[in-house]
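Student: Input: one structure, supplied below.
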Amino acid sequence: MAPKKEENTNTNQNQQNSTKVVKEKSKFLKYALSHKLIVFLLLLLLVVFIWGEWNIFSLKRENKQLNEELKTKIENVTEQNYKSVATVYSWAVRAELMRNNLDLVNQYTNNIIKDEKIKKAFVVDLTDNKITASSVSEEIGLPVSEISLTNTEEKIVQLNDSIIRIQTPITGLNSIIAISAIELVLR
């Protein structure tokens with residue numbers, strides 16, 4: 001009979017523990033029911049906080065996307081502006097090459113690199129494939145080793161992640177006589 005006593009005491013303890021839990025739950029429910037406004041306001045505050053955090057997250061994501069789009073557009077506009085600069089530079093060089101005035105061509109070349117984004121400018125004579133004028137004086141008279149520089153189409157060449165080259169053909173009376181090129185750092 002002794003083992004039954006132990007079982008009875010264990011079940012009595014379990015019942016007491018469960019009644020304590022029920023009493024504790026009922027105390028919370030009693031408090032919550034007697035203070036409905038406070039509980040409602042706390043739940044409302046929690047919902048507003050979660051909603052606000054979600055909106056902040058969405059706005060940050062949208063802001064990042066808009067910044068990337070804006071950066072791309074600015075790079076495209078800047079590239080187009082420098083393409084126009086390269087065209088005007090080639091016109092000025094053409095006028096002086098037609099007059100065989102290489103000193104003024106060198107002066108134009110040295111002046112164009114005063115822009116902070118233009119790192120190098122040069123002119124390639126296509127009759128002998130040599131550099132006629134360059135912002136780097138050591139390059140003048142050197143033969144051109146890059147085949148893309150002898151291409152007679154206007155184009156933009158990506159040299160690496162941050163440097164691009166804008167090549168513009170210079171026409172004489174009947175044919176293309178030279179190529180002008182400027183190298184830019186856009187990023």
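By convention in this document, the chains of the structure tokens carry letters A, B, ... by their order, each chain's residues are numbered from 1, and ligands are numbered from 1 in the order they are shown.
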Contacts of segment 105-109 of chain A at 12 Å or less, counting only C-alpha atoms, minus same-chain residues fewer than 4 places along, as a VMD selection string?
Tutor: chain A and resid 86 88 to 101 113 to 115 118 to 124 131 to 137 140 180 to 183
Student: Give me, as a PyMOL selection string, the residues of chain A that a backbone DSSP run labels helix (DSSP H, G or I).
Tutor: chain A and resi 2-34+36-98+102-112+137-139+147-150
Student: For segment 141-154 of chain A, please output as a PyMOL selection string all residues within 9 Å (counting only C-alpha atoms; exclusion window: fewer than 4 positions along the same chain).
Tutor: chain A and resi 124-126+128-133+166-170+176+178-179+181
Student: Include all heavy atoms and write out the residues we just selected as a compact mmCIF listing (two decimals), in the first residue's frame.
Tutor:
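File written: again_14.txt
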```txt
# COMPACT_ATOMS: atom_id res chain seq x y z
N VAL A 124 46.72 60.05 -83.75
CA VAL A 124 47.46 59.04 -84.51
C VAL A 124 47.35 59.39 -85.99
O VAL A 124 46.25 59.51 -86.52
CB VAL A 124 46.89 57.63 -84.24
CG1 VAL A 124 47.61 56.60 -85.10
CG2 VAL A 124 46.98 57.28 -82.77
N ASP A 125 48.50 59.54 -86.64
CA ASP A 125 48.52 59.77 -88.09
C ASP A 125 48.40 58.42 -88.78
O ASP A 125 49.22 57.53 -88.56
CB ASP A 125 49.83 60.47 -88.46
CG ASP A 125 49.89 60.85 -89.92
OD1 ASP A 125 48.87 60.66 -90.64
OD2 ASP A 125 50.95 61.33 -90.35
N LEU A 126 47.39 58.25 -89.62
CA LEU A 126 47.14 56.95 -90.25
C LEU A 126 48.04 56.68 -91.46
O LEU A 126 48.12 55.54 -91.91
CB LEU A 126 45.67 56.82 -90.65
CG LEU A 126 44.68 56.70 -89.48
CD1 LEU A 126 43.27 56.58 -90.00
CD2 LEU A 126 45.03 55.53 -88.59
N ASP A 128 51.35 56.89 -91.53
CA ASP A 128 52.51 56.11 -91.08
C ASP A 128 52.25 55.41 -89.74
O ASP A 128 53.19 54.85 -89.15
CB ASP A 128 53.76 57.00 -91.00
CG ASP A 128 53.56 58.22 -90.13
OD1 ASP A 128 52.47 58.38 -89.55
OD2 ASP A 128 54.50 59.02 -90.02
N ASN A 129 51.04 55.43 -89.23
CA ASN A 129 50.64 54.79 -87.97
C ASN A 129 51.55 55.18 -86.81
O ASN A 129 52.01 54.35 -86.04
CB ASN A 129 50.59 53.27 -88.11
CG ASN A 129 49.38 52.80 -88.88
OD1 ASN A 129 48.39 53.52 -88.97
ND2 ASN A 129 49.46 51.62 -89.43
N LYS A 130 51.79 56.48 -86.68
CA LYS A 130 52.58 57.00 -85.57
C LYS A 130 51.77 58.05 -84.82
O LYS A 130 50.87 58.68 -85.38
CB LYS A 130 53.88 57.63 -86.08
CG LYS A 130 54.86 56.61 -86.59
CD LYS A 130 56.17 57.26 -86.92
CE LYS A 130 57.15 56.20 -87.41
NZ LYS A 130 58.44 56.76 -87.76
N ILE A 131 52.15 58.25 -83.57
CA ILE A 131 51.49 59.27 -82.75
C ILE A 131 52.07 60.62 -83.13
O ILE A 131 53.27 60.87 -82.98
CB ILE A 131 51.67 58.96 -81.26
CG1 ILE A 131 50.99 57.63 -80.91
CG2 ILE A 131 51.11 60.08 -80.40
CD1 ILE A 131 51.18 57.17 -79.49
N THR A 132 51.20 61.50 -83.63
CA THR A 132 51.62 62.82 -84.08
C THR A 132 51.66 63.81 -82.93
O THR A 132 52.57 64.63 -82.84
CB THR A 132 50.65 63.35 -85.17
OG1 THR A 132 50.57 62.37 -86.20
CG2 THR A 132 51.09 64.65 -85.74
N ALA A 133 50.64 63.76 -82.06
CA ALA A 133 50.56 64.66 -80.92
C ALA A 133 50.05 63.86 -79.73
O ALA A 133 49.23 62.97 -79.88
CB ALA A 133 49.62 65.82 -81.22
N ILE A 166 37.74 57.44 -76.02
CA ILE A 166 36.83 57.85 -77.09
C ILE A 166 37.69 58.18 -78.30
O ILE A 166 38.51 59.09 -78.27
CB ILE A 166 35.99 59.07 -76.67
CG1 ILE A 166 35.18 58.76 -75.42
CG2 ILE A 166 35.07 59.49 -77.82
CD1 ILE A 166 34.42 59.94 -74.84
N GLN A 167 37.51 57.39 -79.36
CA GLN A 167 38.27 57.56 -80.59
C GLN A 167 37.38 58.20 -81.65
O GLN A 167 36.26 57.76 -81.85
CB GLN A 167 38.76 56.21 -81.09
CG GLN A 167 39.70 55.52 -80.15
CD GLN A 167 40.08 54.13 -80.59
OE1 GLN A 167 40.57 53.39 -79.80
NE2 GLN A 167 39.85 53.75 -81.84
N THR A 168 37.92 59.21 -82.32
CA THR A 168 37.17 59.91 -83.35
C THR A 168 38.03 60.03 -84.60
O THR A 168 39.17 60.49 -84.54
CB THR A 168 36.80 61.34 -82.87
OG1 THR A 168 36.22 61.24 -81.57
CG2 THR A 168 35.82 62.00 -83.80
N PRO A 169 37.50 59.61 -85.75
CA PRO A 169 38.28 59.74 -86.99
C PRO A 169 38.35 61.21 -87.44
O PRO A 169 37.42 61.98 -87.23
CB PRO A 169 37.50 58.89 -87.99
CG PRO A 169 36.13 58.81 -87.44
CD PRO A 169 36.23 58.93 -85.96
N ILE A 170 39.47 61.55 -88.04
CA ILE A 170 39.66 62.90 -88.60
C ILE A 170 39.78 62.73 -90.11
O ILE A 170 40.69 62.05 -90.59
CB ILE A 170 40.93 63.56 -88.02
CG1 ILE A 170 40.78 63.68 -86.49
CG2 ILE A 170 41.18 64.90 -88.66
CD1 ILE A 170 42.03 64.16 -85.79
N ILE A 176 40.18 59.37 -94.51
CA ILE A 176 40.48 59.57 -93.09
C ILE A 176 42.00 59.64 -92.94
O ILE A 176 42.71 58.73 -93.35
CB ILE A 176 39.88 58.43 -92.25
CG1 ILE A 176 38.36 58.45 -92.38
CG2 ILE A 176 40.30 58.54 -90.80
CD1 ILE A 176 37.65 57.32 -91.72
N ALA A 178 43.62 60.73 -89.86
CA ALA A 178 44.12 60.54 -88.50
C ALA A 178 42.98 60.10 -87.58
O ALA A 178 41.81 60.12 -87.96
CB ALA A 178 44.74 61.84 -87.98
N ILE A 179 43.38 59.72 -86.39
CA ILE A 179 42.43 59.36 -85.34
C ILE A 179 42.80 60.19 -84.11
O ILE A 179 43.96 60.21 -83.70
CB ILE A 179 42.53 57.87 -84.96
CG1 ILE A 179 42.25 56.96 -86.15
CG2 ILE A 179 41.63 57.52 -83.77
CD1 ILE A 179 40.80 56.88 -86.55
N ALA A 181 42.08 60.71 -80.01
CA ALA A 181 41.60 59.89 -78.89
C ALA A 181 41.81 60.64 -77.58
O ALA A 181 42.82 61.31 -77.40
CB ALA A 181 42.33 58.57 -78.87
```
